[in-house]
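The structure appears below as structure tokens.
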Amino acid sequence: MCQVFVSFIIFLIILVSKGNARPSPDPYAGGVSIIITNGGDDTIWPAVYTERGERVIPTGVKLEFGDQYELKIPDTWAGTIWARTGCSGNPNSTFHCAVGDCGTNNIHCHYSKPKPPVTQVKFDLVPKGGCSSYKVDFRDGFSVPVTLTPMETKCAKIMCITNMDDECPDWLAVYSNEGRKIACKSPCYTTGEPKDCCTGEYASPGMCALNKYTELVENKCPSVVSNAFDETHFTCFEGTSFFILFN
């Protein structure tokens, strides 16, 4: 009898506990959208890497010319979005990209970052009422032109609409199988030398000298990040969504 009574009490405790259990918070509640569009002539395979917050999925999609994809993003998310190009292979086993590959052999990058050089769009989002930041980062290199537009019109747009691949110094260029320049590495990513990476005795804004790469980036796309001491970024207090146009 005692055992039956104890079992009944345990059943009541479980029932009450379940009744009082709070549902897990939805990380996407109050979130934003990032709409990615392919405005170029070639197919691209945009990818997503989550630095902080709930992992955004899918982490890889395919966009033909004119196609767009809307990503649902938590408003506490930080991460990177980039456009892979020159991709081929089975999306589930042998997938590989000439530019922006993430090494997963899959159309999805999962938890992997891009291999430079590639145009990178970076976000550090906070809920509405806070200050989200966003930037286009060319410190390791670049590939396709990009325009990043907040849907909140009070916030600044970042534009790098010029295809600079042809102007990349030969020793920094990535070539296609046909011999066409398809991306450009930064000197730091290429050599790792303190002079190129603004480290060691060069680790100050005064000693971090411009070079042909940073001059090219700053002349053509002054609103993007070009070197280790370039703190160019933009902020928006509105918890806004974004458009990314890759050309």
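The chains in the structure tokens are called A, B, ... from first to last as shown; in each chain the residues are counted from 1, and the ligands are counted from 1 in the order shown.
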For this session: Can you pull out every residue within 8 Å of A:Ala78, counting only C-alpha atoms, but drop anything in the same chain fewer than 2 positions away, and send it as a list in words?
Result: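 The contact residues come out as Thr50, Glu51, Arg52, Gly53, Thr76, Thr80, Lys122, Phe123, Asp124 and Leu125 of chain A.
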Taking C-alpha atoms for each residue, export the selection above as a PDB file, in the first residue's frame.
ATOM      1  CA  THR A  50      27.643  31.618 -36.879  1.00  0.00           C
ATOM      2  CA  GLU A  51      30.097  33.295 -34.538  1.00  0.00           C
ATOM      3  CA  ARG A  52      27.669  33.825 -31.643  1.00  0.00           C
ATOM      4  CA  GLY A  53      24.079  32.890 -30.911  1.00  0.00           C
ATOM      5  CA  THR A  76      21.265  38.230 -30.899  1.00  0.00           C
ATOM      6  CA  THR A  80      29.602  35.995 -41.501  1.00  0.00           C
ATOM      7  CA  LYS A 122      29.890  40.462 -41.095  1.00  0.00           C
ATOM      8  CA  PHE A 123      27.182  41.208 -38.546  1.00  0.00           C
ATOM      9  CA  ASP A 124      26.980  41.673 -34.779  1.00  0.00           C
ATOM     10  CA  LEU A 125      23.283  42.002 -34.024  1.00  0.00           C
TER      11      LEU A 125
END
Can you tell me, as an mmCIF file with C-alpha atoms, in the first residue's frame, what residues are no more than 9 Å from A:Pro114 when counting only C-alpha atoms, ignoring any on the same chain fewer than 5 positions away?
data_model
loop_
_atom_site.group_PDB
_atom_site.id
_atom_site.type_symbol
_atom_site.label_atom_id
_atom_site.label_comp_id
_atom_site.auth_asym_id
_atom_site.auth_seq_id
_atom_site.Cartn_x
_atom_site.Cartn_y
_atom_site.Cartn_z
ATOM 1 C CA ALA A 47 27.205 30.441 -47.085
ATOM 2 C CA TYR A 49 28.983 30.989 -40.390
ATOM 3 C CA THR A 80 29.602 35.995 -41.501
ATOM 4 C CA TRP A 82 29.875 35.172 -48.088
ATOM 5 C CA ARG A 84 31.227 30.988 -52.906
ATOM 6 C CA VAL A 99 36.607 30.714 -54.122
ATOM 7 C CA GLY A 100 35.219 30.794 -50.579
ATOM 8 C CA ASP A 101 35.314 27.051 -49.967
ATOM 9 C CA CYS A 102 34.693 25.965 -46.367
ATOM 10 C CA GLY A 103 36.200 22.483 -46.567
ATOM 11 C CA CYS A 109 29.337 24.889 -44.352
ATOM 12 C CA GLN A 120 32.913 38.664 -46.350
#
Spatial neighbours of A:Thr199, max dist 10 Å, only C-alpha atoms, sep filter under 6 positions, as a PDB file with C-alpha atoms, in the first residue's frame:
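Resulting contents of out.pdb:
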ATOM      1  CA  CYS A 188      49.038  39.614 -44.983  1.00  0.00           C
ATOM      2  CA  GLY A 192      52.151  36.368 -42.977  1.00  0.00           C
ATOM      3  CA  GLU A 193      54.990  38.902 -42.583  1.00  0.00           C
ATOM      4  CA  MET A 207      53.592  51.983 -38.650  1.00  0.00           C
ATOM      5  CA  CYS A 208      50.923  50.052 -40.559  1.00  0.00           C
ATOM      6  CA  ALA A 228      44.290  45.282 -39.360  1.00  0.00           C
TER       7      ALA A 228
END
Exercise. Got a sec to tell me which of stretch 39-228 of chain A DSSP assigns to alpha helix (DSSP H), as a PyMOL selection string?
Worked result: chain A and resi 187-191+194-197+212-220
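Restricting the calculation to only C-alpha atoms, the smallest distance between A:Ser223 and any of A:Cys184, A:Val174, A:Ile158, A:Leu245 is found for A:Ile158.
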Exercise. Using only C-alpha atoms, which residues sit within 12 Å of A:Phe229 once same-chain residues fewer than 4 positions away are excluded, as a PyMOL selection string?
Worked result: chain A and resi 139+196-199+202-210+214+225+233
Dump all heavy atoms for the selected residues as a short mmCIF file (atom, residue, chain, number, x, y, z; two decimals), in the first residue's frame?
data_model
loop_
_atom_site.label_atom_id
_atom_site.label_comp_id
_atom_site.auth_asym_id
_atom_site.auth_seq_id
_atom_site.Cartn_x
_atom_site.Cartn_y
_atom_site.Cartn_z
N ARG A 139 40.03 42.26 -45.24
CA ARG A 139 41.38 42.17 -44.66
C ARG A 139 42.17 40.98 -45.19
O ARG A 139 43.39 41.06 -45.33
CB ARG A 139 41.29 42.10 -43.13
CG ARG A 139 41.06 43.43 -42.46
CD ARG A 139 40.92 43.28 -40.97
NE ARG A 139 39.72 42.50 -40.63
CZ ARG A 139 39.35 42.26 -39.38
NH1 ARG A 139 40.07 42.70 -38.36
NH2 ARG A 139 38.24 41.56 -39.14
N ASP A 196 53.38 43.17 -43.52
CA ASP A 196 52.12 43.07 -44.27
C ASP A 196 50.92 42.91 -43.35
O ASP A 196 49.80 43.28 -43.73
CB ASP A 196 52.18 41.87 -45.23
CG ASP A 196 53.22 42.05 -46.32
OD1 ASP A 196 53.41 43.19 -46.79
OD2 ASP A 196 53.86 41.04 -46.70
N CYS A 197 51.14 42.35 -42.16
CA CYS A 197 50.03 42.07 -41.23
C CYS A 197 49.89 43.11 -40.12
O CYS A 197 49.00 42.99 -39.27
CB CYS A 197 50.22 40.69 -40.60
SG CYS A 197 50.14 39.34 -41.79
N CYS A 198 50.79 44.11 -40.12
CA CYS A 198 50.74 45.16 -39.08
C CYS A 198 50.87 44.55 -37.69
O CYS A 198 50.11 44.85 -36.77
CB CYS A 198 49.48 45.98 -39.19
SG CYS A 198 49.30 46.81 -40.80
N THR A 199 51.83 43.65 -37.54
CA THR A 199 52.12 43.03 -36.25
C THR A 199 53.57 43.34 -35.88
O THR A 199 54.33 43.94 -36.65
CB THR A 199 51.92 41.50 -36.32
OG1 THR A 199 52.74 40.96 -37.37
CG2 THR A 199 50.46 41.17 -36.60
N TYR A 202 55.38 46.70 -36.39
CA TYR A 202 54.45 47.44 -37.24
C TYR A 202 53.04 47.51 -36.64
O TYR A 202 52.10 47.94 -37.31
CB TYR A 202 54.37 46.79 -38.62
CG TYR A 202 55.69 46.73 -39.33
CD1 TYR A 202 56.48 45.58 -39.25
CD2 TYR A 202 56.18 47.80 -40.07
CE1 TYR A 202 57.71 45.51 -39.89
CE2 TYR A 202 57.40 47.74 -40.72
CZ TYR A 202 58.16 46.59 -40.62
OH TYR A 202 59.38 46.53 -41.26
N ALA A 203 52.91 47.08 -35.39
CA ALA A 203 51.59 46.95 -34.76
C ALA A 203 51.08 48.27 -34.19
O ALA A 203 50.80 48.40 -33.00
CB ALA A 203 51.63 45.88 -33.68
N SER A 204 50.97 49.26 -35.05
CA SER A 204 50.36 50.54 -34.68
C SER A 204 49.86 51.21 -35.95
O SER A 204 50.41 50.97 -37.03
CB SER A 204 51.36 51.44 -33.96
OG SER A 204 52.36 51.88 -34.85
N PRO A 205 48.83 52.05 -35.83
CA PRO A 205 48.32 52.70 -37.04
C PRO A 205 49.38 53.51 -37.78
O PRO A 205 49.38 53.55 -39.01
CB PRO A 205 47.21 53.61 -36.49
CG PRO A 205 46.78 52.94 -35.23
CD PRO A 205 48.02 52.34 -34.66
N GLY A 206 50.31 54.11 -37.03
CA GLY A 206 51.35 54.91 -37.66
C GLY A 206 52.35 54.08 -38.45
O GLY A 206 52.89 54.54 -39.46
N MET A 207 52.61 52.85 -37.99
CA MET A 207 53.59 51.98 -38.65
C MET A 207 52.94 51.04 -39.67
O MET A 207 53.64 50.41 -40.46
CB MET A 207 54.34 51.15 -37.60
CG MET A 207 55.20 51.97 -36.65
SD MET A 207 56.49 52.87 -37.54
CE MET A 207 57.49 51.50 -38.15
N CYS A 208 51.63 50.94 -39.64
CA CYS A 208 50.92 50.05 -40.56
C CYS A 208 50.74 50.78 -41.89
O CYS A 208 49.73 51.46 -42.12
CB CYS A 208 49.57 49.66 -39.96
SG CYS A 208 48.65 48.46 -40.94
N ALA A 209 51.72 50.64 -42.75
CA ALA A 209 51.75 51.43 -43.99
C ALA A 209 50.79 50.85 -45.04
O ALA A 209 50.53 49.64 -45.09
CB ALA A 209 53.17 51.46 -44.55
N LEU A 210 50.30 51.74 -45.89
CA LEU A 210 49.50 51.30 -47.03
C LEU A 210 50.37 50.56 -48.03
O LEU A 210 51.58 50.79 -48.11
CB LEU A 210 48.85 52.51 -47.71
CG LEU A 210 47.77 53.27 -46.93
CD1 LEU A 210 47.33 54.49 -47.72
CD2 LEU A 210 46.58 52.37 -46.65
N THR A 214 45.96 47.59 -50.14
CA THR A 214 45.10 48.45 -49.33
C THR A 214 44.76 49.74 -50.07
O THR A 214 43.65 50.27 -49.91
CB THR A 214 45.75 48.77 -47.98
OG1 THR A 214 47.08 49.29 -48.19
CG2 THR A 214 45.85 47.52 -47.12
N VAL A 225 36.46 47.29 -44.87
CA VAL A 225 37.64 47.12 -44.02
C VAL A 225 38.78 46.57 -44.88
O VAL A 225 38.62 45.56 -45.57
CB VAL A 225 37.34 46.14 -42.86
CG1 VAL A 225 38.60 45.89 -42.04
CG2 VAL A 225 36.22 46.68 -42.00
N HIS A 233 33.28 50.38 -39.74
CA HIS A 233 32.07 49.58 -39.59
C HIS A 233 30.91 50.56 -39.39
O HIS A 233 31.11 51.74 -39.20
CB HIS A 233 32.18 48.60 -38.41
CG HIS A 233 32.21 49.27 -37.07
ND1 HIS A 233 33.34 49.85 -36.55
CD2 HIS A 233 31.24 49.47 -36.14
CE1 HIS A 233 33.08 50.37 -35.37
NE2 HIS A 233 31.81 50.15 -35.09
#
For this session: Go through A:Pro116, A:Gly31, A:Pro150, A:Gly60 and flag the residue nearest A:Ser133, using only C-alpha atoms for the distances.
Result: A:Pro150
For this session: Calculate how many Å separate atom CA of A:Ile107 from atom CA of A:Glu178, rounding to one decimal.
Result: 23.8 Å
For this session: Quick one: everything within 9 Å of A:Thr190, counting only C-alpha atoms, minus sequence neighbours fewer than 4 positions away in the same chain. Send it as a list in words.
Result: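 Contacts, in chain order: Asp140, Trp171, Leu172, Lys185, Ser186 and Asp196 of chain A.
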For this session: In Å, rounded to a single decimal, give me how far atom CA of A:Val126 is from atom CA of A:Cys155.
Result: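 So the answer is 14.9 Å.
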